[in-house]
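As stored in upload29.pdb (PDB, C-alpha atoms):
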MODEL        1
ATOM      1  CA  MET R 190     107.213  96.597 107.313
ATOM      2  CA  GLU R 191     104.933  96.353 104.310
ATOM      3  CA  SER R 192     101.789  94.321 104.911
ATOM      4  CA  VAL R 193     100.557  91.435 102.788
ATOM      5  CA  GLU R 194      97.582  93.576 101.772
ATOM      6  CA  SER R 195      99.745  96.457 100.505
ATOM      7  CA  VAL R 196     101.851  94.050  98.434
ATOM      8  CA  ALA R 197      98.700  92.426  97.100
ATOM      9  CA  GLN R 198      97.325  95.792  95.996
ATOM     10  CA  ALA R 199     100.551  96.484  94.111
ATOM     11  CA  ALA R 200     100.338  93.063  92.464
ATOM     12  CA  ARG R 201      96.801  93.704  91.257
ATOM     13  CA  GLY R 202      98.061  96.924  89.670
ATOM     14  CA  ARG R 203     100.871  95.318  87.684
ATOM     15  CA  LYS R 204     102.060  97.142  84.582
ATOM     16  CA  PRO R 205     100.767  95.820  81.233
ATOM     17  CA  GLU R 206     104.278  95.601  79.726
ATOM     18  CA  GLU R 207     105.468  93.132  82.386
ATOM     19  CA  VAL R 208     106.024  89.502  81.429
ATOM     20  CA  LYS R 209     103.179  87.781  83.264
ATOM     21  CA  SER R 210     105.008  84.662  84.457
ATOM     22  CA  ALA R 211     108.033  86.627  85.662
ATOM     23  CA  ALA R 212     105.807  89.171  87.385
ATOM     24  CA  ARG R 213     103.967  86.416  89.235
ATOM     25  CA  VAL R 214     107.199  84.879  90.515
ATOM     26  CA  LEU R 215     108.264  88.270  91.847
ATOM     27  CA  GLU R 216     104.837  88.838  93.380
ATOM     28  CA  VAL R 217     105.162  85.530  95.248
ATOM     29  CA  LEU R 218     108.500  86.635  96.699
ATOM     30  CA  GLU R 219     107.112  90.042  97.648
ATOM     31  CA  LEU R 220     104.041  88.533  99.312
ATOM     32  CA  LEU R 221     106.041  86.033 101.323
ATOM     33  CA  GLY R 222     108.565  88.720 102.224
ATOM     34  CA  ALA R 223     105.847  90.950 103.723
ATOM     35  CA  ASP R 224     105.793  90.645 107.519
ATOM     36  CA  GLY R 225     107.551  87.278 107.302
ATOM     37  CA  ALA R 226     104.316  85.840 105.973
ATOM     38  CA  ARG R 227     103.366  82.149 105.820
ATOM     39  CA  LEU R 228     100.514  81.853 103.353
ATOM     40  CA  SER R 229      98.387  79.093 101.876
ATOM     41  CA  LEU R 230      97.877  78.577  98.156
ATOM     42  CA  ALA R 231      94.342  79.918  98.439
ATOM     43  CA  GLU R 232      95.439  83.039 100.321
ATOM     44  CA  MET R 233      98.135  83.806  97.780
ATOM     45  CA  ALA R 234      95.841  83.187  94.807
ATOM     46  CA  THR R 235      93.277  85.568  96.292
ATOM     47  CA  ALA R 236      95.860  88.251  97.073
ATOM     48  CA  MET R 237      97.395  88.032  93.594
ATOM     49  CA  ALA R 238      94.070  87.580  91.783
ATOM     50  CA  VAL R 239      95.351  84.561  89.819
ATOM     51  CA  PRO R 240      93.958  81.013  89.371
ATOM     52  CA  LYS R 241      95.136  78.514  91.982
ATOM     53  CA  SER R 242      96.144  76.040  89.283
ATOM     54  CA  SER R 243      98.518  78.518  87.629
ATOM     55  CA  LEU R 244      99.971  79.640  90.938
ATOM     56  CA  HIS R 245     100.457  76.062  92.141
ATOM     57  CA  ALA R 246     102.654  75.310  89.125
ATOM     58  CA  ILE R 247     104.777  78.389  89.840
ATOM     59  CA  LEU R 248     105.126  77.435  93.504
ATOM     60  CA  ARG R 249     106.202  73.887  92.647
ATOM     61  CA  THR R 250     109.029  75.250  90.506
ATOM     62  CA  MET R 251     110.061  77.784  93.151
ATOM     63  CA  GLN R 252     110.007  75.105  95.836
ATOM     64  CA  ALA R 253     112.181  72.789  93.753
ATOM     65  CA  ARG R 254     114.729  75.602  93.404
ATOM     66  CA  ARG R 255     114.545  76.450  97.144
ATOM     67  CA  TRP R 256     113.049  79.913  96.666
ATOM     68  CA  VAL R 257     110.035  78.909  98.758
ATOM     69  CA  ASP R 258     109.502  76.323 101.490
ATOM     70  CA  LEU R 259     106.435  74.426 102.719
ATOM     71  CA  ASP R 260     105.697  74.072 106.413
ATOM     72  CA  PRO R 261     105.427  70.570 107.988
ATOM     73  CA  SER R 262     101.676  70.509 107.316
ATOM     74  CA  GLY R 263     102.353  70.966 103.594
ATOM     75  CA  THR R 264      99.804  73.767 103.353
ATOM     76  CA  ARG R 265     101.619  77.057 104.002
ATOM     77  CA  TYR R 266     104.462  78.616 102.065
ATOM     78  CA  SER R 267     107.318  80.820 103.263
ATOM     79  CA  LEU R 268     110.529  82.189 101.763
ATOM     80  CA  GLY R 269     113.229  79.599 101.116
ATOM     81  CA  LEU R 270     116.987  79.440 101.525
ATOM     82  CA  LYS R 271     117.720  80.933  98.085
ATOM     83  CA  ALA R 272     115.978  84.143  99.125
ATOM     84  CA  LEU R 273     118.346  84.464 102.085
ATOM     85  CA  LEU R 274     121.415  83.729  99.969
ATOM     86  CA  THR R 275     120.407  86.315  97.372
ATOM     87  CA  GLY R 276     119.721  88.959 100.011
ATOM     88  CA  THR R 277     123.088  88.286 101.633
ATOM     89  CA  ALA R 278     124.835  88.587  98.267
ATOM     90  CA  TYR R 279     123.156  91.962  97.738
ATOM     91  CA  LEU R 280     124.534  93.282 101.021
ATOM     92  CA  GLU R 281     128.018  91.886 100.397
ATOM     93  CA  GLY R 282     128.169  93.537  96.986
ATOM     94  CA  ASP R 283     126.892  96.933  98.118
ATOM     95  CA  ASP R 284     129.573  99.629  98.511
ATOM     96  CA  VAL R 285     127.791 101.444 101.319
ATOM     97  CA  THR R 286     127.230  98.405 103.528
ATOM     98  CA  SER R 287     130.742  97.067 102.853
ATOM     99  CA  LEU R 288     132.299 100.324 104.084
ATOM    100  CA  ALA R 289     129.820 101.046 106.870
ATOM    101  CA  GLY R 290     130.882  98.319 109.316
ATOM    102  CA  PRO R 291     133.652 100.125 111.230
ATOM    103  CA  VAL R 292     131.664 103.384 111.250
ATOM    104  CA  LEU R 293     128.600 101.680 112.717
ATOM    105  CA  ASP R 294     130.768  99.808 115.234
ATOM    106  CA  ALA R 295     132.316 103.048 116.448
ATOM    107  CA  LEU R 296     128.962 104.824 116.685
ATOM    108  CA  ALA R 297     127.401 101.959 118.641
ATOM    109  CA  GLU R 298     130.389 101.918 120.995
ATOM    110  CA  GLU R 299     130.228 105.686 121.538
ATOM    111  CA  THR R 300     126.477 105.884 122.155
ATOM    112  CA  GLY R 301     125.790 102.438 123.618
ATOM    113  CA  GLU R 302     122.541 102.395 121.633
ATOM    114  CA  ALA R 303     121.091 100.659 118.575
ATOM    115  CA  VAL R 304     122.547 101.911 115.301
ATOM    116  CA  HIS R 305     121.148 101.354 111.814
ATOM    117  CA  LEU R 306     122.068 101.977 108.194
ATOM    118  CA  GLY R 307     118.912 102.398 106.120
ATOM    119  CA  ARG R 308     117.985 102.968 102.494
ATOM    120  CA  LEU R 309     114.900 104.619 101.035
ATOM    121  CA  ASP R 310     112.899 102.153  98.928
ATOM    122  CA  GLY R 311     109.783 103.730  97.521
ATOM    123  CA  THR R 312     107.669 104.907 100.442
ATOM    124  CA  HIS R 313     109.584 102.757 102.939
ATOM    125  CA  VAL R 314     113.019 102.525 104.530
ATOM    126  CA  VAL R 315     114.886  99.216 104.594
ATOM    127  CA  TYR R 316     117.459  98.344 107.264
ATOM    128  CA  LEU R 317     120.715  97.356 105.524
ATOM    129  CA  ALA R 318     122.840  96.944 108.658
ATOM    130  CA  LYS R 319     122.439  97.224 112.411
ATOM    131  CA  ARG R 320     124.364  97.196 115.649
ATOM    132  CA  GLU R 321     122.640  96.250 118.903
ATOM    133  CA  SER R 322     122.416  98.390 122.020
ATOM    134  CA  ARG R 323     124.575  97.279 124.942
ATOM    135  CA  HIS R 324     121.548  97.643 127.243
ATOM    136  CA  ALA R 325     119.154  94.866 128.217
ATOM    137  CA  LEU R 326     116.161  97.079 127.347
ATOM    138  CA  ARG R 327     116.370  97.567 123.587
ATOM    139  CA  MET R 328     114.241  98.019 120.493
ATOM    140  CA  TYR R 329     113.385  95.237 118.057
ATOM    141  CA  SER R 330     114.901  95.522 114.590
ATOM    142  CA  ALA R 331     116.345  93.281 111.906
ATOM    143  CA  VAL R 332     118.292  93.670 108.678
ATOM    144  CA  GLY R 333     115.786  93.667 105.830
ATOM    145  CA  ARG R 334     112.967  95.127 107.908
ATOM    146  CA  ARG R 335     110.858  97.705 106.039
ATOM    147  CA  LEU R 336     109.285 100.674 107.805
ATOM    148  CA  PRO R 337     107.200 103.600 106.504
ATOM    149  CA  ALA R 338     109.611 106.394 105.644
ATOM    150  CA  HIS R 339     107.348 109.161 106.946
ATOM    151  CA  ALA R 340     107.300 107.645 110.452
ATOM    152  CA  THR R 341     111.051 107.106 110.853
ATOM    153  CA  ALA R 342     114.031 109.366 111.405
ATOM    154  CA  LEU R 343     115.885 107.485 108.665
ATOM    155  CA  GLY R 344     113.151 108.179 106.144
ATOM    156  CA  LYS R 345     112.770 111.808 107.123
ATOM    157  CA  ALA R 346     116.528 112.372 106.956
ATOM    158  CA  VAL R 347     116.575 111.181 103.341
ATOM    159  CA  LEU R 348     113.330 112.938 102.364
ATOM    160  CA  SER R 349     114.563 116.230 103.847
ATOM    161  CA  GLN R 350     117.066 116.423 100.987
ATOM    162  CA  TYR R 351     114.233 116.883  98.471
ATOM    163  CA  ASP R 352     111.960 119.850  97.853
ATOM    164  CA  HIS R 353     108.313 119.709  98.883
ATOM    165  CA  ALA R 354     107.038 118.824  95.425
ATOM    166  CA  GLU R 355     109.375 115.831  95.206
ATOM    167  CA  VAL R 356     108.404 114.655  98.702
ATOM    168  CA  GLN R 357     104.724 114.857  97.800
ATOM    169  CA  ARG R 358     105.405 112.830  94.665
ATOM    170  CA  ARG R 359     107.355 110.134  96.504
ATOM    171  CA  LEU R 360     104.954 109.416  99.368
ATOM    172  CA  ASP R 361     101.490 107.872  99.478
ATOM    173  CA  TRP R 362      98.956 110.382 100.757
ATOM    174  CA  PRO R 363      97.203 110.436 103.147
ATOM    175  CA  LEU R 364     100.033 109.275 105.398
ATOM    176  CA  GLU R 365      99.387 106.247 107.596
ATOM    177  CA  ARG R 366      99.223 106.854 111.347
ATOM    178  CA  MET R 367     101.533 104.272 112.969
ATOM    179  CA  THR R 368     101.249 105.576 116.553
ATOM    180  CA  PRO R 369      99.337 108.416 118.249
ATOM    181  CA  THR R 370     102.309 110.747 117.639
ATOM    182  CA  THR R 371     102.888 109.953 113.955
ATOM    183  CA  VAL R 372     102.814 113.209 112.000
ATOM    184  CA  VAL R 373     100.294 112.741 109.176
ATOM    185  CA  ASP R 374      99.180 116.307 108.478
ATOM    186  CA  PRO R 375     100.899 117.318 105.194
ATOM    187  CA  ASP R 376     101.849 120.825 106.328
ATOM    188  CA  ALA R 377     103.172 119.606 109.677
ATOM    189  CA  PHE R 378     105.146 116.821 108.023
ATOM    190  CA  LEU R 379     106.723 119.128 105.460
ATOM    191  CA  ALA R 380     107.586 121.537 108.305
ATOM    192  CA  GLN R 381     109.380 118.652 110.052
ATOM    193  CA  LEU R 382     111.435 118.041 106.916
ATOM    194  CA  ALA R 383     112.265 121.729 106.631
ATOM    195  CA  GLU R 384     113.504 121.725 110.231
ATOM    196  CA  ALA R 385     115.581 118.590 109.586
ATOM    197  CA  ARG R 386     117.060 120.186 106.476
ATOM    198  CA  LEU R 387     118.043 123.279 108.442
ATOM    199  CA  ARG R 388     119.724 121.520 111.375
ATOM    200  CA  GLY R 389     121.158 118.583 109.420
ATOM    201  CA  TRP R 390     119.407 115.704 111.190
ATOM    202  CA  ALA R 391     115.912 114.255 111.497
ATOM    203  CA  ALA R 392     114.076 112.920 114.531
ATOM    204  CA  ASP R 393     111.376 110.381 115.290
ATOM    205  CA  ASP R 394     109.717 110.807 118.682
ATOM    206  CA  GLY R 395     107.650 107.650 119.124
ATOM    207  CA  GLU R 396     106.197 108.007 115.630
ATOM    208  CA  ASN R 397     106.905 104.457 114.509
ATOM    209  CA  SER R 398     107.268 102.694 117.862
ATOM    210  CA  VAL R 399     105.623 104.384 120.822
ATOM    211  CA  ASP R 400     108.473 104.153 123.336
ATOM    212  CA  ILE R 401     111.407 104.771 120.969
ATOM    213  CA  ARG R 402     113.173 108.001 120.023
ATOM    214  CA  CYS R 403     115.537 108.090 117.077
ATOM    215  CA  VAL R 404     117.780 110.560 115.243
ATOM    216  CA  ALA R 405     119.203 110.102 111.742
ATOM    217  CA  VAL R 406     121.483 111.823 109.245
ATOM    218  CA  ALA R 407     121.515 111.258 105.490
ATOM    219  CA  LEU R 408     124.764 110.384 103.755
ATOM    220  CA  GLY R 409     126.362 112.815 101.330
ATOM    221  CA  GLY R 410     128.680 112.060  98.446
ATOM    222  CA  GLY R 411     125.977 110.988  96.036
ATOM    223  CA  GLN R 412     124.460 108.451  98.455
ATOM    224  CA  GLY R 413     121.293 110.473  98.970
ATOM    225  CA  GLU R 414     118.994 107.489  99.504
ATOM    226  CA  ASP R 415     120.923 106.231 102.547
ATOM    227  CA  ALA R 416     121.095 107.389 106.157
ATOM    228  CA  ILE R 417     122.509 106.382 109.547
ATOM    229  CA  SER R 418     120.421 106.428 112.719
ATOM    230  CA  CYS R 419     120.669 105.842 116.451
ATOM    231  CA  SER R 420     117.623 104.723 118.459
ATOM    232  CA  ALA R 421     116.874 104.239 122.137
ATOM    233  CA  PRO R 422     113.952 103.935 124.551
ATOM    234  CA  LYS R 423     112.616 107.319 125.646
ATOM    235  CA  SER R 424     113.792 106.572 129.178
ATOM    236  CA  ARG R 425     117.388 106.908 127.936
ATOM    237  CA  MET R 426     116.823 109.596 125.298
ATOM    238  CA  ASP R 427     115.736 112.915 126.770
ATOM    239  CA  ASP R 428     116.102 116.152 124.804
ATOM    240  CA  ALA R 429     119.676 116.755 125.938
ATOM    241  CA  ARG R 430     120.654 113.213 125.001
ATOM    242  CA  VAL R 431     119.023 113.624 121.586
ATOM    243  CA  GLU R 432     121.320 116.567 120.876
ATOM    244  CA  GLU R 433     124.407 114.577 121.936
ATOM    245  CA  VAL R 434     123.426 111.560 119.870
ATOM    246  CA  ALA R 435     122.618 113.747 116.862
ATOM    247  CA  GLN R 436     126.157 115.128 116.939
ATOM    248  CA  ALA R 437     127.627 111.616 117.095
ATOM    249  CA  VAL R 438     125.424 110.398 114.225
ATOM    250  CA  THR R 439     126.327 113.464 112.149
ATOM    251  CA  GLU R 440     130.037 112.730 112.565
ATOM    252  CA  ALA R 441     129.489 109.062 111.669
ATOM    253  CA  ALA R 442     127.540 109.966 108.534
ATOM    254  CA  GLN R 443     130.256 112.402 107.496
ATOM    255  CA  SER R 444     132.917 109.726 108.010
ATOM    256  CA  LEU R 445     131.052 107.191 105.888
ATOM    257  CA  SER R 446     130.344 109.795 103.214
ATOM    258  CA  THR R 447     134.073 110.583 103.044
ATOM    259  CA  LEU R 448     134.937 106.889 102.641
ATOM    260  CA  LEU R 449     132.396 106.574  99.821
ATOM    261  CA  LYS R 450     133.756 109.687  98.114
ATOM    262  CA  ARG R 451     137.282 108.262  98.219
ATOM    263  CA  LEU R 452     136.025 104.973  96.812
ATOM    264  CA  GLY R 453     134.440 106.819  93.917
ATOM    265  CA  GLN R 454     137.740 108.488  93.075
ATOM    266  CA  HIS R 455     139.466 105.145  92.390
TER     267      HIS R 455
ENDMDL
END
Starting from the file, lay out its structure as structure tokens.
Amino acid sequence: MESVESVAQAARGRKPEEVKSAARVLEVLELLGADGARLSLAEMATAMAVPKSSLHAILRTMQARRWVDLDPSGTRYSLGLKALLTGTAYLEGDDVTSLAGPVLDALAEETGEAVHLGRLDGTHVVYLAKRESRHALRMYSAVGRRLPAHATALGKAVLSQYDHAEVQRRLDWPLERMTPTTVVDPDAFLAQLAEARLRGWAADDGENSVDIRCVAVALGGGQGEDAISCSAPKSRMDDARVEEVAQAVTEAAQSLSTLLKRLGQH
């Protein structure tokens, strides 16, 4: 997930044509949405490089409208109920997530492992939907979680659809090392994408979370920013199992792509 610091850096580099007050409201939401942050007025003012007096007025308005909440001490802010309601409305109105439910259910039932629908968002992937593993030992994930695209099978599946020049344009270089096995060398990373492009699915071998292996397949039918994945602890995902799961994920992605294509014809 994006850190508070990365969001703060983006805020300090705001575009000159943006309406300042609107931009600051959005920056507040982005800051508080990073890592589930709870931040004080002073911390937010420093991160956003704005006067505390101006920010306090914005926060009062956002609190009154339930976009932000204050903790019991009255000193730290977090996202409010309106943020949840708006995020839920986004998912309910999205064609891909509305059609994906039965496909994800079937894939989770077939594999017994965690299944995700993800979407590329800048240099990150966002989980749009998930199904839990049936096993007691499982990975942590949540709808709305953001992960670096270069360190995830979901991200690599989507990025593999683009040529090298486009991939280099889309990502922030140098790549961040999330675990000891994260591929950060540009040539090695682009070779991974070429391999994923050739075989039709991408893999993540402990590159985002040390003990987790994952495979993912991008959707077709004009939904190039989305992908489906299946993840499991390495203890349940040896090389042979990866191949089996990749086949199941490929069939699920093809099924969802077909449903989306039919929707687009009506």
For this session: Return as an MDAnalysis selection string the set of residues that the PyMOL selection byres ((chain R and resi 345) around 9) yields on the displayed structure.
Result: chainID R and resid 338:344 346:350 381:382 385 390:393 405:407
Exercise. Skipping near chain neighbours, those fewer than 3 positions away, what residues fall within 12 Å of Glu299 (chain R) using only C-alpha atoms, listed as a PyMOL selection string?
Worked result: chain R and resi 292-296+302-304+320+322-323+419+433-434+436-438+440-441
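In this comparison, which uses all atoms listed in the file, the residue of R:Val372, R:Leu317, R:Leu306, R:Leu288 approaching Thr447 (chain R) most closely is R:Leu288.
Running the PyMOL selection byres ((chain R and resi 234) around 12) on this file leaves Ala197, Ala200, Arg201, Arg213, Glu216, Val217, Leu220, Leu228, Ser229, Leu230, Ala231, Glu232, Met233, Thr235, Ala236, Met237, Ala238, Val239, Pro240, Lys241, Ser242, Ser243, Leu244, His245, Ala246, Ile247 and Leu248 of chain R selected.
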For this session: Could you check how far CA of Ala383 (chain R) sits from CA of Leu309 (chain R), in Å to one decimal?
Result: 18.2 Å
For this session: State, in Å with one decimal place, the distance from CA of Pro337 (chain R) to CA of Glu365 (chain R).
Result: 8.3 Å
